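This is data.txt. It holds compact mmCIF, C-alpha atoms.
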# COMPACT_ATOMS: atom_id res chain seq x y z
CA MET U 1 63.05 118.13 73.43
CA CYS U 2 64.87 115.48 75.48
CA TYR U 3 68.52 114.61 75.36
CA TYR U 4 70.23 111.68 77.02
CA ASN U 5 74.01 111.71 76.92
CA GLY U 6 73.82 114.21 74.03
CA GLN U 7 71.48 112.02 71.97
CA LYS U 8 68.08 113.33 70.95
CA VAL U 9 65.53 110.88 72.35
CA THR U 10 61.77 110.71 72.75
CA ARG U 11 60.24 111.61 76.05
CA ALA U 12 59.28 107.97 76.61
CA GLU U 13 62.86 106.83 75.96
CA PHE U 14 64.20 109.55 78.25
CA ILE U 15 61.91 108.41 81.07
CA LYS U 16 62.91 104.80 80.45
CA LEU U 17 66.64 105.58 80.64
CA LYS U 18 66.23 107.78 83.71
CA SER U 19 64.25 105.09 85.48
CA LEU U 20 66.91 102.56 84.49
CA GLU U 21 69.51 104.92 85.95
CA LYS U 22 67.68 104.81 89.27
CA ALA U 23 67.44 101.02 89.24
CA VAL U 24 71.13 100.67 88.34
CA SER U 25 72.17 102.94 91.21
CA LYS U 26 70.54 100.49 93.62
CA TYR U 27 71.74 97.40 91.81
CA ASN U 28 74.49 95.36 93.36
CA PHE U 29 77.09 94.61 90.71
CA LEU U 30 79.52 93.56 93.43
CA ASP U 31 77.45 90.59 94.53
CA LYS U 32 79.56 87.63 93.55
CA GLY U 33 78.56 85.32 96.38
CA VAL U 34 81.45 83.67 98.15
CA ILE U 35 84.90 84.77 97.09
CA SER U 36 87.62 82.32 97.95
CA GLY U 37 91.17 83.52 98.09
CA PHE U 38 92.22 80.18 96.69
CA THR U 39 90.42 80.55 93.39
CA ASP U 40 92.21 83.61 92.00
CA LEU U 41 89.02 85.66 92.08
CA GLU U 42 89.14 89.40 92.27
CA VAL U 43 87.76 91.31 95.23
CA ALA U 44 86.14 94.73 95.45
CA VAL U 45 88.67 97.17 96.92
CA ILE U 46 88.31 100.78 98.00
CA VAL U 47 91.24 103.12 97.39
CA ALA U 48 91.50 106.83 98.03
CA THR U 49 91.67 109.10 94.99
CA PRO U 50 95.12 110.66 94.42
CA ASP U 51 94.02 113.96 96.04
CA LYS U 52 92.59 111.95 98.96
CA THR U 53 89.28 113.80 98.89
CA ASN U 54 87.22 110.86 97.66
CA PHE U 55 87.52 107.15 96.95
CA ASP U 56 87.18 104.72 94.07
CA ILE U 57 85.96 101.14 94.07
CA VAL U 58 88.26 98.96 91.98
CA GLN U 59 88.95 95.26 91.68
CA MET U 60 92.17 93.56 92.70
CA GLU U 61 93.51 90.04 92.78
CA TRP U 62 93.34 88.69 96.32
CA GLY U 63 96.80 87.40 97.25
CA TYR U 64 99.68 89.85 97.60
CA ILE U 65 102.44 89.38 95.04
CA PRO U 66 105.77 90.90 96.08
CA ASN U 67 107.83 92.60 93.39
CA TYR U 68 110.74 90.18 93.72
CA LEU U 69 108.69 87.48 92.00
CA ARG U 70 109.48 87.56 88.29
CA ASN U 71 106.59 85.74 86.66
CA ARG U 72 103.40 83.74 87.19
CA GLU U 73 105.39 80.54 87.52
CA GLU U 74 107.16 81.93 90.57
CA VAL U 75 103.85 83.22 91.92
CA LYS U 76 102.38 79.72 91.58
CA ARG U 77 105.35 78.25 93.47
CA MET U 78 104.93 80.77 96.27
CA ARG U 79 101.18 80.23 96.54
CA GLN U 80 100.95 76.48 96.10
CA GLY U 81 104.30 75.32 97.46
CA TYR U 82 107.12 73.44 95.79
CA LYS U 83 109.70 70.71 96.31
CA ASP U 84 113.06 72.16 97.29
CA GLU U 85 115.59 70.87 94.77
CA LYS U 86 118.47 70.87 97.27
CA THR U 87 116.80 69.23 100.24
CA GLY U 88 114.06 67.34 98.41
CA LYS U 89 111.63 68.58 101.04
CA TRP U 90 108.26 70.12 100.29
CA VAL U 91 108.04 73.83 101.01
CA ASP U 92 104.48 74.83 101.94
CA GLY U 93 102.74 77.42 99.83
CA GLN U 94 102.03 80.92 101.09
CA PRO U 95 99.09 82.47 99.25
CA GLN U 96 99.69 85.81 101.03
CA LEU U 97 95.98 86.39 101.40
CA ASN U 98 96.55 87.99 104.78
CA ALA U 99 99.09 90.32 106.33
CA LYS U 100 99.32 90.13 110.11
CA ALA U 101 99.03 93.58 111.68
CA GLU U 102 102.13 92.96 113.78
CA ASN U 103 104.14 92.00 110.68
CA LEU U 104 103.35 94.97 108.46
CA PHE U 105 106.80 96.44 109.08
CA VAL U 106 108.77 93.58 110.59
CA SER U 107 109.02 90.18 108.94
CA GLU U 108 107.65 87.33 111.04
CA ARG U 109 110.30 84.95 109.71
CA SER U 110 113.49 86.96 109.62
CA GLY U 111 112.72 89.78 112.02
CA GLY U 112 114.00 92.15 109.33
CA ARG U 113 112.12 94.50 107.04
CA SER U 114 108.74 93.08 106.03
CA MET U 115 107.82 92.69 102.37
CA PHE U 116 104.62 94.58 103.27
CA TYR U 117 106.59 97.62 104.52
CA ASP U 118 106.09 99.98 101.57
CA ALA U 119 102.49 98.94 100.99
CA ALA U 120 101.65 99.46 104.65
CA LYS U 121 103.18 102.93 104.51
CA HIS U 122 101.92 104.09 101.13
CA ARG U 123 99.33 101.71 99.63
CA ARG U 124 96.59 101.08 102.14
CA CYS U 125 93.12 100.12 100.95
CA LEU U 126 89.91 98.49 102.16
CA ILE U 127 88.38 95.21 101.08
CA LEU U 128 84.59 95.37 100.91
CA SER U 129 82.90 92.42 102.52
CA THR U 130 79.46 91.20 103.52
CA GLY U 131 80.81 88.54 105.86
CA TYR U 132 83.48 85.89 106.09
CA PHE U 133 83.73 82.16 106.65
CA GLU U 134 85.99 80.67 109.27
CA TRP U 135 86.48 77.19 110.65
CA ARG U 136 86.15 76.01 114.23
CA HIS U 137 88.13 72.91 115.09
CA ILE U 138 86.72 70.34 117.46
CA TYR U 139 88.64 67.25 118.53
CA ARG U 140 86.93 63.91 118.69
CA LYS U 141 86.65 62.05 121.95
CA ASP U 142 87.28 58.38 122.53
CA LYS U 143 83.91 57.18 123.76
CA ARG U 144 85.44 54.41 125.86
CA THR U 145 88.31 56.21 127.55
CA GLY U 146 86.97 59.76 127.28
CA LYS U 147 90.35 60.93 126.06
CA ARG U 148 90.86 63.35 123.26
CA LEU U 149 91.71 61.80 119.91
CA LYS U 150 94.13 63.22 117.37
CA THR U 151 91.37 63.59 114.81
CA ARG U 152 89.62 66.90 114.75
CA ASP U 153 86.65 68.05 112.72
CA LYS U 154 86.25 71.40 111.04
CA TYR U 155 82.95 73.23 111.30
CA PRO U 156 82.46 76.26 109.09
CA TYR U 157 80.92 79.44 110.50
CA TYR U 158 79.65 82.53 108.77
CA VAL U 159 80.66 85.71 110.57
CA SER U 160 78.87 88.96 109.79
CA LEU U 161 77.92 92.34 111.21
CA PRO U 162 74.12 92.23 111.55
CA GLU U 163 73.85 96.02 111.50
CA HIS U 164 75.92 96.40 108.34
CA GLU U 165 75.19 94.95 104.93
CA TYR U 166 78.77 95.73 103.96
CA PHE U 167 81.80 96.38 106.09
CA PHE U 168 85.37 97.50 105.53
CA THR U 169 88.43 95.39 106.20
CA ALA U 170 91.87 96.99 106.31
CA ALA U 171 94.10 95.84 103.47
CA ILE U 172 97.27 96.74 101.61
CA TRP U 173 97.95 96.48 97.90
CA ASN U 174 100.81 96.18 95.47
CA PRO U 175 101.02 96.73 91.71
CA TRP U 176 102.88 93.79 90.20
CA THR U 177 104.20 93.19 86.68
CA ASP U 178 105.01 89.81 85.20
CA ARG U 179 108.44 90.43 83.68
CA ASP U 180 107.92 87.70 81.07
CA SER U 181 104.45 88.47 79.78
CA GLY U 182 104.17 92.13 80.75
CA GLU U 183 100.91 91.40 82.59
CA MET U 184 100.18 94.11 85.14
CA VAL U 185 97.92 93.41 88.09
CA ASN U 186 97.08 95.02 91.40
CA THR U 187 97.15 92.51 94.24
CA ALA U 188 95.91 92.88 97.80
CA ALA U 189 96.31 91.27 101.21
CA MET U 190 93.79 91.56 104.00
CA VAL U 191 95.16 92.78 107.32
CA THR U 192 94.41 90.55 110.29
CA ALA U 193 94.46 91.25 114.00
CA ILE U 194 94.45 89.12 117.12
CA GLY U 195 90.91 87.80 117.42
CA ASN U 196 88.29 89.27 119.72
CA ARG U 197 86.20 87.03 121.95
CA LEU U 198 83.95 85.84 119.13
CA ALA U 199 86.84 85.22 116.76
CA MET U 200 88.68 83.26 119.46
CA TRP U 201 85.69 80.96 119.81
CA VAL U 202 85.15 80.51 116.09
CA HIS U 203 88.67 80.53 114.67
CA ASN U 204 89.96 78.58 117.64
CA SER U 205 93.06 77.23 115.91
CA LYS U 206 94.72 80.52 115.00
CA ARG U 207 92.57 82.94 117.00
CA ARG U 208 92.78 85.74 114.50
CA MET U 209 90.26 87.90 112.65
CA PRO U 210 90.15 90.38 109.78
CA THR U 211 90.84 93.96 110.85
CA ILE U 212 87.29 95.26 110.48
CA LEU U 213 87.13 99.05 110.66
CA ASN U 214 84.29 101.43 111.38
CA ASP U 215 83.66 104.23 108.88
CA GLU U 216 85.91 106.74 110.63
CA LEU U 217 88.90 104.41 110.97
CA ALA U 218 88.36 103.10 107.44
CA TRP U 219 88.61 106.60 106.01
CA ARG U 220 91.70 107.36 108.11
CA TRP U 221 93.31 104.10 106.98
CA ILE U 222 93.12 105.02 103.27
CA SER U 223 93.27 108.79 103.27
CA GLU U 224 95.66 110.04 105.93
CA ASP U 225 99.42 110.14 106.06
CA LEU U 226 99.81 108.03 109.15
CA SER U 227 102.88 107.34 111.25
CA LYS U 228 104.02 103.74 111.68
CA GLU U 229 102.61 103.75 115.18
CA GLU U 230 99.22 104.97 113.96
CA ILE U 231 99.19 102.35 111.19
CA LEU U 232 99.96 99.57 113.65
CA GLU U 233 97.34 100.84 116.06
CA ILE U 234 94.57 100.86 113.43
CA ALA U 235 95.76 97.55 111.95
CA ALA U 236 95.39 95.89 115.36
CA THR U 237 91.78 97.05 115.77
CA GLN U 238 89.47 94.44 117.21
CA TYR U 239 85.92 95.12 116.12
CA PRO U 240 83.55 94.81 119.12
CA TYR U 241 82.38 91.22 119.30
CA GLU U 242 78.98 92.35 120.64
CA GLN U 243 78.31 93.86 117.21
CA MET U 244 79.24 90.69 115.34
CA ASP U 245 77.34 87.49 114.71
CA ALA U 246 78.56 83.98 113.96
CA CYS U 247 76.44 81.06 112.90
CA ALA U 248 77.44 77.55 111.91
CA VAL U 249 76.82 76.72 108.27
CA ALA U 250 76.72 73.45 106.34
CA SER U 251 80.02 71.71 105.66
CA ASP U 252 79.30 71.96 101.94
CA PHE U 253 78.25 75.61 102.23
CA LEU U 254 80.06 76.55 99.03
CA ALA U 255 77.65 74.42 97.04
CA LYS U 256 74.58 76.02 98.63
CA LEU U 257 72.41 78.61 96.98
CA ASP U 258 72.80 80.66 100.16
CA PRO U 259 76.19 79.70 101.66
CA SER U 260 75.47 81.71 104.82
CA GLU U 261 72.31 79.77 105.68
CA PRO U 262 72.55 78.57 109.33
CA PHE U 263 73.00 74.84 109.85
CA THR U 264 72.81 72.74 113.00
CA HIS U 265 75.63 70.24 113.40
CA ALA U 266 74.92 67.39 115.79
CA LYS U 267 77.01 67.61 118.96
CA LEU U 268 78.73 70.85 118.01
CA PRO U 269 79.34 72.59 121.35
CA ALA U 270 77.63 75.95 121.60
CA ILE U 271 79.60 79.17 121.74
CA ASP U 272 79.27 81.01 125.02
CA LEU U 273 80.15 84.63 124.42
CA SER U 274 79.62 85.47 128.08
CA ILE U 275 83.01 83.96 128.84
CA GLU U 276 86.47 84.54 127.44
CA PRO U 277 87.70 81.34 125.78
CA THR U 278 90.73 79.80 127.47
CA ASP U 279 93.47 77.59 126.07
CA GLU U 280 91.29 74.61 126.93
CA HIS U 281 88.63 75.87 124.58
CA GLN U 282 91.23 75.96 121.86
CA GLU U 283 91.26 72.21 122.12
CA GLU U 284 87.56 71.66 122.42
CA VAL U 285 86.36 68.10 122.45
CA ALA U 286 83.05 66.84 121.19
CA GLU U 287 81.31 63.57 121.64
CA LEU U 288 80.48 62.74 118.10
CA PRO U 289 78.00 60.07 117.09
CA GLN U 290 79.92 56.92 116.31
CA GLN U 291 79.13 54.36 113.70
CA GLN U 292 77.34 51.37 115.12
CA SER U 293 79.48 48.28 115.47
CA LEU U 294 78.85 45.58 112.94
CA PHE U 295 79.88 42.87 115.43
CA MET C 296 65.70 91.46 89.27
CA ILE C 297 68.57 89.26 88.15
CA GLU C 298 67.51 87.03 85.33
CA GLU C 299 70.91 85.76 84.48
CA GLU C 300 74.48 86.91 84.60
CA VAL C 301 76.80 86.27 81.69
CA CYS C 302 80.46 87.09 82.09
CA PHE C 303 83.08 87.55 79.41
CA GLN C 304 86.32 89.39 78.78
CA ILE C 305 87.09 92.17 76.31
CA GLU C 306 90.13 94.32 75.77
CA TYR C 307 89.59 98.07 75.72
CA LYS C 308 92.54 100.28 74.79
CA GLU C 309 94.95 97.45 75.62
CA CYS C 310 93.36 97.02 79.04
CA PRO C 311 91.59 93.73 79.86
CA ALA C 312 88.08 94.25 81.18
CA SER C 313 85.44 91.86 82.44
CA VAL C 314 81.86 92.33 81.33
CA THR C 315 78.75 91.05 83.05
CA GLU C 316 75.33 91.16 81.48
CA HIS C 317 72.27 91.88 83.59
CA SER C 318 68.57 92.18 83.01
CA ILE C 319 67.28 95.23 84.87
CA LYS C 320 63.77 96.56 84.32
CA ASP C 321 63.53 94.48 81.15
CA SER C 322 66.59 96.22 79.70
CA ARG C 323 69.88 94.60 78.77
CA VAL C 324 72.53 96.25 80.92
CA PHE C 325 76.28 95.61 80.71
CA HIS C 326 78.61 96.30 83.61
CA ILE C 327 82.30 96.63 82.76
CA GLU C 328 85.11 96.32 85.29
CA PHE C 329 88.46 97.49 83.97
CA SER C 330 91.68 95.98 85.22
CA ASP C 331 93.39 99.38 85.50
CA SER C 332 92.32 102.27 87.72
CA ARG C 333 89.47 103.32 85.42
CA LYS C 334 86.08 103.43 87.13
CA PRO C 335 83.61 100.64 86.35
CA LEU C 336 81.22 101.51 83.52
CA THR C 337 77.57 100.58 83.10
CA ILE C 338 76.02 100.80 79.66
CA THR C 339 72.83 99.93 77.83
CA VAL C 340 71.28 100.40 74.39
CA GLY C 341 69.01 103.40 73.90
CA GLN C 342 66.98 104.50 70.90
CA ASP C 343 67.03 108.00 69.42
CA ARG C 344 64.10 109.90 67.86
CA LYS C 345 64.78 108.28 64.48
CA GLU C 346 64.59 104.88 66.13
CA VAL C 347 68.32 104.35 65.64
CA LYS C 348 69.89 102.37 68.45
CA PHE C 349 72.90 103.75 70.32
CA TRP C 350 75.08 102.71 73.23
CA THR C 351 74.84 104.95 76.27
CA SER C 352 76.33 105.07 79.74
CA ILE C 353 74.20 104.88 82.85
CA PRO C 354 74.27 107.41 84.42
CA GLU C 355 75.01 110.00 81.75
CA GLY C 356 78.50 111.43 81.31
CA ARG C 357 80.61 108.71 79.70
CA GLN C 358 79.11 108.61 76.24
CA GLN C 359 82.35 108.16 74.32
CA GLU C 360 83.47 105.23 76.46
CA ALA C 361 79.96 103.74 76.21
CA GLU C 362 80.09 103.85 72.41
CA GLU C 363 83.60 102.42 72.20
CA VAL C 364 83.09 99.66 74.76
CA GLY C 365 79.60 98.94 73.41
CA LYS C 366 81.05 98.24 69.97
CA LEU C 367 83.48 95.73 71.48
CA ILE C 368 80.66 94.01 73.36
CA ALA C 369 78.57 93.83 70.19
CA ILE C 370 81.49 92.27 68.32
CA HIS C 371 81.93 89.73 71.11
CA ILE C 372 78.24 88.81 71.16
CA ARG C 373 78.10 88.53 67.37
CA SER C 374 81.19 86.31 67.30
CA LYS C 375 79.52 84.01 69.83
CA LYS C 376 76.43 83.68 67.64
CA ASN C 377 78.43 82.66 64.56

Written as structure tokens, that's how I'd like the structure from this file.
Amino acid sequence: MCYYNGQKVTRAEFIKLKSLEKAVSKYNFLDKGVISGFTDLEVAVIVATPDKTNFDIVQMEWGYIPNYLRNREEVKRMRQGYKDEKTGKWVDGQPQLNAKAENLFVSERSGGRSMFYDAAKHRRCLILSTGYFEWRHIYRKDKRTGKRLKTRDKYPYYVSLPEHEYFFTAAIWNPWTDRDSGEMVNTAAMVTAIGNRLAMWVHNSKRRMPTILNDELAWRWISEDLSKEEILEIAATQYPYEQMDACAVASDFLAKLDPSEPFTHAKLPAIDLSIEPTDEHQEEVAELPQQQSLF
Amino acid sequence: MIEEEVCFQIEYKECPASVTEHSIKDSRVFHIEFSDSRKPLTITVGQDRKEVKFWTSIPEGRQQEAEEVGKLIAIHIRSKKN
């Protein structure tokens, strides 16, 4: 006599369900391709269980919403920007996708208490990732004078850890309630650190990178009661660049079946990981093919 | 293994949940992600000895949730057909 979940089933049905169980355990329900923080998609997040002996995988909205925002309208203003009624000037949006490690406790703007303070102390989590996309900026060069032009081109790169199908990125989260609609949502921000050598080459405008943690640090990040100093130390972790890989991808990578497929851009200077990029590299110049003159 | 992935929303015990449909080993499998702290649930349709179909969780252990959520999914699918 076979039972599955308390139901009396035939032996054939039992074998079918058990074999399905095995297939499901290997199946990747988290595979959603590229997740952009600008499209309000949810991300897979790991949080410790309340007794901190295990963890759960949950989904959260990427883009930290502080509790002082009252409703979705205010969230939209914060994320997308708005025109200041008093000055008439446009105030740039702040999607709060990232939280700089050095600003977890101290606000970058005011120097006072950071809005991430409580989350950094009590609500730390991990964002599961298979890789991330970042842009390298290359200035154009005037072919006649050889001088750098103001125009710069953006080349997307896919950064991954070849030895790891998935990796953990330090993050913090906040439960937020829309006071008008009653909507409750958990929102998260990814912690970023000063970039390592590879990140400095690839993300050469801001020179930052996600705080990627190895298994041991990841577990400490979510499960231990850490001091502020310990939190800041882990948050500033630079994953070894030797264990990372970056390849240029097509400019329209989001439309590709495989967005991480390598792509060769004409005249894109190669990355040389044997040397530490300098400030000059931050303003890299490329000789780009110019349109033939019609005259 | 992935034939197609259909995604829709349901509300279970006043909690919004997103459902994706998958074809695994020729079986229709539904994966449910709840917006609260509840763990994601995977369910399918089994058949008992009297050939009566029933919703069941994969793996075993969440039968009640499987039956309740399964009913909501069935209602959603039926409403789409009409």

Once you count all atoms listed in the file, what closest atom pair and distance in Å to one decimal does each residue of chain C within 7 Å of chain U have, with rows by chain and rising residue number, as a tab-separated table?
residue	atom	partner	partner_atom	distance
C:Lys320	CA	U:Leu20	CA	6.8
C:Ser332	CA	U:Val58	CA	6.8
C:Lys334	CA	U:Val58	CA	6.9
C:Gln342	CA	U:Val9	CA	6.7
C:Asp343	CA	U:Val9	CA	4.4
C:Arg344	CA	U:Val9	CA	4.8
C:Thr351	CA	U:Asn5	CA	6.8
C:Ile353	CA	U:Glu21	CA	5.6
C:Pro354	CA	U:Glu21	CA	5.6
C:Glu355	CA	U:Asn5	CA	5.2
C:Gly356	CA	U:Asn5	CA	6.3
C:Gln358	CA	U:Asn5	CA	6.0

Checklist entry - Quick one: of C:Gln359, C:Gln304, C:Ser374, C:Ser352, who's nearest to C:Val324, counting only C-alpha atoms? => result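 For C:Val324, the nearest of the candidates is C:Ser352.
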
As a PDB file with C-alpha atoms, in the coordinates of the input, please: the residues near C:Ile327 (cut-off 7 Å, only C-alpha atoms, same-chain neighbours under 2 positions excluded).
ATOM      1  CA  ALA C 312      88.080  94.250  81.180  1.00  0.00           C
ATOM      2  CA  SER C 313      85.440  91.860  82.440  1.00  0.00           C
ATOM      3  CA  VAL C 314      81.860  92.330  81.330  1.00  0.00           C
ATOM      4  CA  THR C 315      78.750  91.050  83.050  1.00  0.00           C
ATOM      5  CA  PHE C 325      76.280  95.610  80.710  1.00  0.00           C
ATOM      6  CA  PHE C 329      88.460  97.490  83.970  1.00  0.00           C
ATOM      7  CA  PRO C 335      83.610 100.640  86.350  1.00  0.00           C
ATOM      8  CA  LEU C 336      81.220 101.510  83.520  1.00  0.00           C
ATOM      9  CA  THR C 337      77.570 100.580  83.100  1.00  0.00           C
TER      10      THR C 337
END

Item to check | Straight-line distance linking atom CA of C:Glu328 with atom CA of U:Arg72, stated in Å to one decimal | outcome: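 Separation of atom CA of C:Glu328 and atom CA of U:Arg72: 22.3 Å.
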
Next on the checklist: I need the residue nearest C:Arg323 from this list: C:Gly365, C:Ile370, C:Glu360, C:Pro311. Use only C-alpha atoms for the distance.
Outcome noted: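 Among C:Gly365, C:Ile370, C:Glu360, C:Pro311, it is C:Gly365 that comes nearest to C:Arg323.
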
Item to check | Within 7 Å of stretch 228-244 of chain U using only C-alpha atoms, minus same-chain residues under 3 positions, as a list in words | outcome: Ala101, Glu102, Ser160, Leu161, Pro162, Ala170, Val191, Ala193, Gly195, Asn196, Arg197, Leu198, Thr211, Ile212 and Leu213 of chain U

Checklist entry - Suppose you want the space between atom CA of C:Ile305 and atom CA of C:His326; what is it in Å? => result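 Separation of atom CA of C:Ile305 and atom CA of C:His326: 11.9 Å.
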
Checklist outcome for this item: Taken to one decimal, the atom CA of U:Asn214-atom CA of U:Leu104 distance is 20.3 Å

Checklist entry - Leaving out U:Trp176 and any residue of its chain fewer than 3 positions from it, which residues lie within 10 Å of it when counting all atoms listed in the file, given as a list in words? => result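 What passes the distance filter is Tyr64, Ile65, Pro66, Asn67, Tyr68, Leu69, Arg70, Asn71, Trp173, Arg179, Gly182, Glu183, Met184, Val185, Asn186 and Thr187 of chain U.
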
As a short mmCIF file (atom, residue, chain, number, x, y, z; two decimals), keeping the file's coordinate frame, could you write out stretch 160-183 of chain U once it has been completed with N, CA and C atoms?
data_model
loop_
_atom_site.label_atom_id
_atom_site.label_comp_id
_atom_site.auth_asym_id
_atom_site.auth_seq_id
_atom_site.Cartn_x
_atom_site.Cartn_y
_atom_site.Cartn_z
N SER U 160 79.36 87.73 110.45
CA SER U 160 78.87 88.96 109.79
C SER U 160 78.61 90.05 110.83
N LEU U 161 78.31 91.23 110.34
CA LEU U 161 77.92 92.34 111.21
C LEU U 161 76.44 92.60 110.95
N PRO U 162 75.56 92.13 111.83
CA PRO U 162 74.12 92.23 111.55
C PRO U 162 73.65 93.64 111.21
N GLU U 163 74.30 94.64 111.74
CA GLU U 163 73.85 96.02 111.50
C GLU U 163 74.41 96.59 110.20
N HIS U 164 75.29 95.86 109.55
CA HIS U 164 75.92 96.40 108.34
C HIS U 164 75.86 95.39 107.20
N GLU U 165 75.26 95.82 106.10
CA GLU U 165 75.19 94.95 104.93
C GLU U 165 76.60 94.73 104.38
N TYR U 166 77.38 95.80 104.38
CA TYR U 166 78.77 95.73 103.96
C TYR U 166 79.65 96.25 105.09
N PHE U 167 80.86 95.78 105.15
CA PHE U 167 81.80 96.38 106.09
C PHE U 167 83.18 96.46 105.45
N PHE U 168 84.04 97.26 106.08
CA PHE U 168 85.37 97.50 105.53
C PHE U 168 86.42 96.70 106.31
N THR U 169 87.31 96.07 105.57
CA THR U 169 88.43 95.39 106.20
C THR U 169 89.72 96.04 105.73
N ALA U 170 90.59 96.35 106.67
CA ALA U 170 91.87 96.99 106.31
C ALA U 170 92.65 96.05 105.40
N ALA U 171 93.30 96.64 104.40
CA ALA U 171 94.10 95.84 103.47
C ALA U 171 95.24 96.70 102.93
N ILE U 172 96.17 96.04 102.27
CA ILE U 172 97.27 96.74 101.61
C ILE U 172 97.37 96.19 100.19
N TRP U 173 97.90 96.98 99.28
CA TRP U 173 97.95 96.48 97.90
C TRP U 173 99.31 96.76 97.26
N ASN U 174 99.54 96.02 96.18
CA ASN U 174 100.81 96.18 95.47
C ASN U 174 100.61 95.99 93.97
N PRO U 175 101.10 96.94 93.16
CA PRO U 175 101.02 96.73 91.71
C PRO U 175 102.17 95.83 91.29
N TRP U 176 101.85 94.76 90.56
CA TRP U 176 102.88 93.79 90.20
C TRP U 176 102.89 93.58 88.69
N THR U 177 104.07 93.43 88.13
CA THR U 177 104.20 93.19 86.68
C THR U 177 104.94 91.89 86.45
N ASP U 178 104.35 91.05 85.62
CA ASP U 178 105.01 89.81 85.20
C ASP U 178 106.09 90.20 84.19
N ARG U 179 107.35 89.95 84.55
CA ARG U 179 108.44 90.43 83.68
C ARG U 179 108.56 89.62 82.39
N ASP U 180 107.90 88.48 82.31
CA ASP U 180 107.92 87.70 81.07
C ASP U 180 106.81 88.10 80.11
N SER U 181 105.59 88.20 80.67
CA SER U 181 104.45 88.47 79.78
C SER U 181 104.07 89.94 79.73
N GLY U 182 104.55 90.72 80.70
CA GLY U 182 104.17 92.13 80.75
C GLY U 182 102.84 92.37 81.44
N GLU U 183 102.20 91.26 81.90
CA GLU U 183 100.91 91.40 82.59
C GLU U 183 101.07 92.29 83.82
#
